[in-house]
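K.L.:
I have a structure here, written as structure tokens, and I will follow up with some questions on it.
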Amino acid sequence: MIRTPTSRAEAQELDRTDALAPKTEGFNLPEGITYLVGHSLGPPPATAQTRLLEAQADWATGLVRSWNSAGWIDLAERTGERLAALIGAPAGDVIVTDNVSVNLFKLAAAALPHARRYALFVEEDEFPTDQYIAAGLGGLSGAEVRLLPPGGSFDALTAGGVLIKSAVNYRSSEVADMAAHEREAQRHGALIVWDLSHATGVLDLHLASDGARLAAGCTYKYLNGGPGAPAFVYAAQEIAAKLVTPLPGWMGHNAPFAFDSQYTPRGGATRFASGTPPILSLAAFSGALDVFEGVALPDLQSKARALGAIAIARAQGMGLAVLSPIEDAARGGHVSVRIAEGYPVVQALAARGVLADFRAPDTVRFGFSPLFLRYAQVWDALDVLDEILTSRSWDAPEFHARAKVT
Ligand SMILES: Cc1ncc(COP(=O)(O)O)c(C=O)c1O
């Protein structure tokens, strides 16, 4: 565990010995910006930009031939194989496809017939899309949909059914005990569809050894894949072969270019591919994965938590209510604090070069991407927050005008 610095000098000392420090150079962040929103949209690694340009050139010169000559046809699968290493899964159990919402739908629908009870469970403080998907799928399938109180999912597993559950809660940053949930689920004939959106690329995940069977997650947050980068599906081999996707598109077919009217799914997780993959976005994401080469996941996790611990200690010093777990092991990569005037505060921070985000009604989130942030930088960002709150400079009229994206 990394000791939480109590001064800027101590933060600088941590920067000097930080094994991940050289990774900062792999990102093209604008000068003067402290980017505390890697949990929302990661910044572009230089390798992502290069791969995007290469894909554009392949499009222009290779034209349709690039499906074969540039390997576009297998890119979703090859990228999934590399991503698998970041979630502790065997290479063949992951495919990059669609977005998280669609993937949650596909997995939950495929899981329903295999759970002891034909029911969907989701906590009411889950990311809204997870709740909407459960409700929508319930309406279509006739499955019972049960909205659980926050923290109620573990106990609900005794009922059987399919639970949609985030590994890291988008608001509080609370981490779920994946192994314990899976043991309980196995005991009671329940299945869990994990949402790894806020966990991948920042936590030391062990899906296979924790017994996880199904998961989806996004690639545009800590994985820095780019705005709207395609999401992924994980399906453990033992169960994947039994699952029927509700969206059997041709890219999930065993032989798409046989143009067979009979649907034969591909093996394993790859059956959850649906239509044509977004090659330009996928190329950028596959380039973004290069920055994770040589990174030990425990280092990633402990640096994220140490940066988060700085924010917690400083926020508490300012008298702010911290919504995230104080204990490092219970927390993901972001820290949320409650500020009633959070929206203008986030705008005032942005005006000073510190980017954070606001989640209605009163949550300000700071994300701690360990690959490009420095300890002293986080220390300084908290100084800026302190100044803004003390001076009430956030109350200027220009900071109150609401944009569509907060
Ligand atoms: C936990 C969680 N799940 C799902 C989503 C939605 O993902 P998508 O827009 O890819 O459907 C998000 C988006 O931020 C999220 O944070």
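Each chain in the structure tokens gets a letter, A, B and so on, in the order shown; residues start at 1 in every chain, and ligands are counted from 1 in the order they appear.
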As a PyMOL selection string, which residues of region 162-382 of chain A does DSSP assign to alpha helix (DSSP H)?

P.N.:
chain A and resi 178-188+237-240+279-288+297-317+342-351+375-382

K.L.:
Residues at most 6 Å from ligand 1, using only C-alpha atoms and all ligand atoms? Could they come as a PyMOL selection string?

P.N.:
chain A and resi 99-101+127+129+170+197-198+218

K.L.:
As a PDB file with C-alpha atoms, in the first residue's frame, please: the residues near Pro44 (chain A) (cut-off 7 Å, only C-alpha atoms, same-chain neighbours under 2 positions excluded).

P.N.:
```
ATOM      1  CA  PHE A  27      -0.540  10.724 -23.809  1.00  0.00           C
ATOM      2  CA  ASN A  28      -1.055  13.981 -25.697  1.00  0.00           C
ATOM      3  CA  GLY A  42      -9.970   8.776 -21.240  1.00  0.00           C
ATOM      4  CA  ALA A  46      -0.454   8.717 -28.985  1.00  0.00           C
ATOM      5  CA  ALA A  48      -4.415   5.328 -30.470  1.00  0.00           C
ATOM      6  CA  GLN A  49      -4.052   8.369 -32.707  1.00  0.00           C
ATOM      7  CA  ASN A 224      -8.782   5.434 -23.271  1.00  0.00           C
ATOM      8  CA  GLY A 226     -11.980   7.177 -27.580  1.00  0.00           C
TER       9      GLY A 226
END
```

K.L.:
Counting only C-alpha atoms, which residues in region 338-392 of chain A sit no more than 8 Å from region 33-39 of chain A? For each one, give the nearest pair of atoms and the distance in Å, sorted by chain then residue number, as CSV.

P.N.:
```
residue,atom,partner,partner_atom,distance
A:Gly353,CA,A:Ile33,CA,4.7
A:Val354,CA,A:Thr34,CA,4.8
A:Leu355,CA,A:Tyr35,CA,5.3
A:Ala356,CA,A:Leu36,CA,5.1
A:Asp357,CA,A:Val37,CA,6.7
A:Arg365,CA,A:Val37,CA,7.9
A:Phe366,CA,A:Leu36,CA,5.2
A:Gly367,CA,A:Leu36,CA,4.7
A:Phe368,CA,A:Leu36,CA,6.0
A:Ser369,CA,A:Gly38,CA,5.6
A:Leu373,CA,A:Tyr35,CA,7.6
A:Gln377,CA,A:Thr34,CA,6.9
A:Val378,CA,A:Thr34,CA,7.7
A:Ala381,CA,A:Thr34,CA,7.1
```

K.L.:
Between region 147-207 of chain A and region 273-297 of chain A, at 9 Å or less, what are the per-residue closest atom pairs and their distances in Å? Count only C-alpha atoms, order by chain and rising residue number, and return it as JSON lines.

P.N.:
```
{"residue": "A:Gly201", "atom": "CA", "partner": "A:Leu297", "partner_atom": "CA", "distance": 8.1}
{"residue": "A:Val202", "atom": "CA", "partner": "A:Leu297", "partner_atom": "CA", "distance": 7.6}
{"residue": "A:Leu203", "atom": "CA", "partner": "A:Leu297", "partner_atom": "CA", "distance": 6.7}
{"residue": "A:Asp204", "atom": "CA", "partner": "A:Leu297", "partner_atom": "CA", "distance": 4.9}
{"residue": "A:Leu205", "atom": "CA", "partner": "A:Leu297", "partner_atom": "CA", "distance": 7.8}
```

K.L.:
Which of these, A:Ala258, A:Val122, A:Ala134, A:Ile239, has the shortest distance to Leu147 (chain A) once you count only C-alpha atoms?

P.N.:
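That would be A:Val122, the residue with the smallest distance to Leu147 (chain A).
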
K.L.:
What's around Asp362 (chain A) at 7 Å? Count only C-alpha atoms, leave out sequence neighbours fewer than 3 positions away in its own chain, and write the answer as a list in words.

P.N.:
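Contacts, in chain order: Arg338, Ile339, Ala340, Glu341, Gly342 and Arg359 of chain A.
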
K.L.:
Which of region 153-313 of chain A end up as strand (DSSP E) when DSSP is run on this backbone - answer as a tab-separated table (two decimals) with N, CA and C atoms, in the first residue's frame?

P.N.:
```
chain	number	residue	atom	x	y	z
A	161	GLY	N	-32.27	-16.28	-10.37
A	161	GLY	CA	-32.45	-15.11	-11.22
A	161	GLY	C	-31.15	-14.58	-11.81
A	162	VAL	N	-31.29	-13.51	-12.58
A	162	VAL	CA	-30.14	-12.88	-13.24
A	162	VAL	C	-29.95	-11.50	-12.63
A	163	LEU	N	-28.78	-11.28	-12.08
A	163	LEU	CA	-28.47	-9.99	-11.46
A	163	LEU	C	-27.56	-9.19	-12.39
A	164	ILE	N	-27.91	-7.92	-12.63
A	164	ILE	CA	-27.00	-7.01	-13.35
A	164	ILE	C	-26.34	-6.14	-12.29
A	165	LYS	N	-25.04	-6.16	-12.26
A	165	LYS	CA	-24.34	-5.54	-11.13
A	165	LYS	C	-23.01	-4.91	-11.57
A	166	SER	N	-22.77	-3.68	-11.16
A	166	SER	CA	-21.49	-3.04	-11.44
A	166	SER	C	-20.41	-3.53	-10.50
A	190	ALA	N	-28.22	-18.65	-9.40
A	190	ALA	CA	-28.34	-17.31	-9.97
A	190	ALA	C	-27.19	-17.08	-10.97
A	191	LEU	N	-27.36	-16.11	-11.84
A	191	LEU	CA	-26.28	-15.72	-12.76
A	191	LEU	C	-26.08	-14.22	-12.64
A	192	ILE	N	-24.83	-13.80	-12.70
A	192	ILE	CA	-24.55	-12.36	-12.59
A	192	ILE	C	-23.97	-11.85	-13.91
A	193	VAL	N	-24.52	-10.76	-14.39
A	193	VAL	CA	-23.93	-10.05	-15.53
A	193	VAL	C	-23.22	-8.85	-14.92
A	194	TRP	N	-21.90	-8.90	-14.92
A	194	TRP	CA	-21.12	-7.81	-14.32
A	194	TRP	C	-21.00	-6.66	-15.30
A	195	ASP	N	-21.14	-5.45	-14.80
A	195	ASP	CA	-20.85	-4.25	-15.59
A	195	ASP	C	-19.49	-3.76	-15.11
A	214	LEU	N	-20.22	-13.95	-16.70
A	214	LEU	CA	-20.67	-13.03	-17.75
A	214	LEU	C	-20.35	-11.59	-17.36
A	215	ALA	N	-19.89	-10.82	-18.32
A	215	ALA	CA	-19.61	-9.40	-18.03
A	215	ALA	C	-19.60	-8.59	-19.31
A	216	ALA	N	-19.85	-7.30	-19.14
A	216	ALA	CA	-19.71	-6.34	-20.24
A	216	ALA	C	-19.03	-5.11	-19.66
A	217	GLY	N	-18.43	-4.32	-20.51
A	217	GLY	CA	-17.79	-3.10	-20.00
A	217	GLY	C	-17.44	-2.18	-21.14
A	232	PHE	N	-17.22	-4.26	-24.69
A	232	PHE	CA	-16.81	-5.66	-24.79
A	232	PHE	C	-17.76	-6.57	-24.04
A	233	VAL	N	-17.68	-7.84	-24.41
A	233	VAL	CA	-18.44	-8.90	-23.75
A	233	VAL	C	-17.44	-9.94	-23.27
A	234	TYR	N	-17.61	-10.38	-22.04
A	234	TYR	CA	-16.86	-11.53	-21.52
A	234	TYR	C	-17.88	-12.62	-21.24
A	235	ALA	N	-17.62	-13.82	-21.74
A	235	ALA	CA	-18.46	-14.97	-21.40
A	235	ALA	C	-17.51	-16.15	-21.19
```

K.L.:
If we count only C-alpha atoms and set the cut-off at 6 Å, which residues sit around Glu123 (chain A), ignoring sequence neighbours fewer than 5 positions away in its own chain? Please answer as a PDB file with N, CA and C atoms, in the first residue's frame.

P.N.:
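Written out: result.pdb:
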```pdb
ATOM      1  N   LEU A 147     -36.421  -4.413  -8.543  1.00  0.00           N
ATOM      2  CA  LEU A 147     -35.495  -3.327  -8.219  1.00  0.00           C
ATOM      3  C   LEU A 147     -35.081  -3.489  -6.763  1.00  0.00           C
ATOM      4  N   LEU A 148     -33.785  -3.587  -6.524  1.00  0.00           N
ATOM      5  CA  LEU A 148     -33.288  -3.868  -5.172  1.00  0.00           C
ATOM      6  C   LEU A 148     -32.822  -2.588  -4.494  1.00  0.00           C
ATOM      7  N   PRO A 149     -32.871  -2.536  -3.170  1.00  0.00           N
ATOM      8  CA  PRO A 149     -32.298  -1.368  -2.493  1.00  0.00           C
ATOM      9  C   PRO A 149     -30.780  -1.363  -2.685  1.00  0.00           C
ATOM     10  N   PRO A 150     -30.136  -0.184  -2.595  1.00  0.00           N
ATOM     11  CA  PRO A 150     -28.684  -0.132  -2.738  1.00  0.00           C
ATOM     12  C   PRO A 150     -28.012  -1.132  -1.804  1.00  0.00           C
TER      13      PRO A 150
END
```

K.L.:
Tell me, as a compact mmCIF listing (two decimals) with N, CA and C atoms, in the first residue's frame, which residues lie within 7 Å of Trp394 (chain A), counting only C-alpha atoms; anything in the same chain fewer than 2 positions away does not count.

P.N.:
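Writing the result to result.txt gives the following:
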```
# COMPACT_ATOMS: atom_id res chain seq x y z
N PRO A 344 -21.81 24.44 -10.67
CA PRO A 344 -20.94 25.60 -10.88
C PRO A 344 -19.52 25.38 -10.35
N VAL A 345 -19.37 24.57 -9.34
CA VAL A 345 -18.01 24.30 -8.82
C VAL A 345 -17.18 23.58 -9.90
N ALA A 348 -16.19 26.08 -12.47
CA ALA A 348 -15.12 26.97 -11.97
C ALA A 348 -13.78 26.24 -11.98
N ILE A 388 -11.38 27.72 -4.74
CA ILE A 388 -12.69 28.03 -5.36
C ILE A 388 -13.80 28.02 -4.31
N ARG A 392 -15.57 31.36 -2.99
CA ARG A 392 -16.90 31.28 -3.60
C ARG A 392 -16.88 31.81 -5.05
N ALA A 396 -19.98 32.81 -9.76
CA ALA A 396 -20.08 33.77 -10.89
C ALA A 396 -21.16 33.27 -11.85
N PHE A 399 -20.76 30.37 -14.49
CA PHE A 399 -20.58 28.97 -14.08
C PHE A 399 -21.91 28.26 -13.82
```

K.L.:
Tell me which of A:Ala315, A:Ala11, A:Ala89, A:Ala167 sits closest to Asp386 (chain A), counting only C-alpha atoms.

P.N.:
A:Ala315
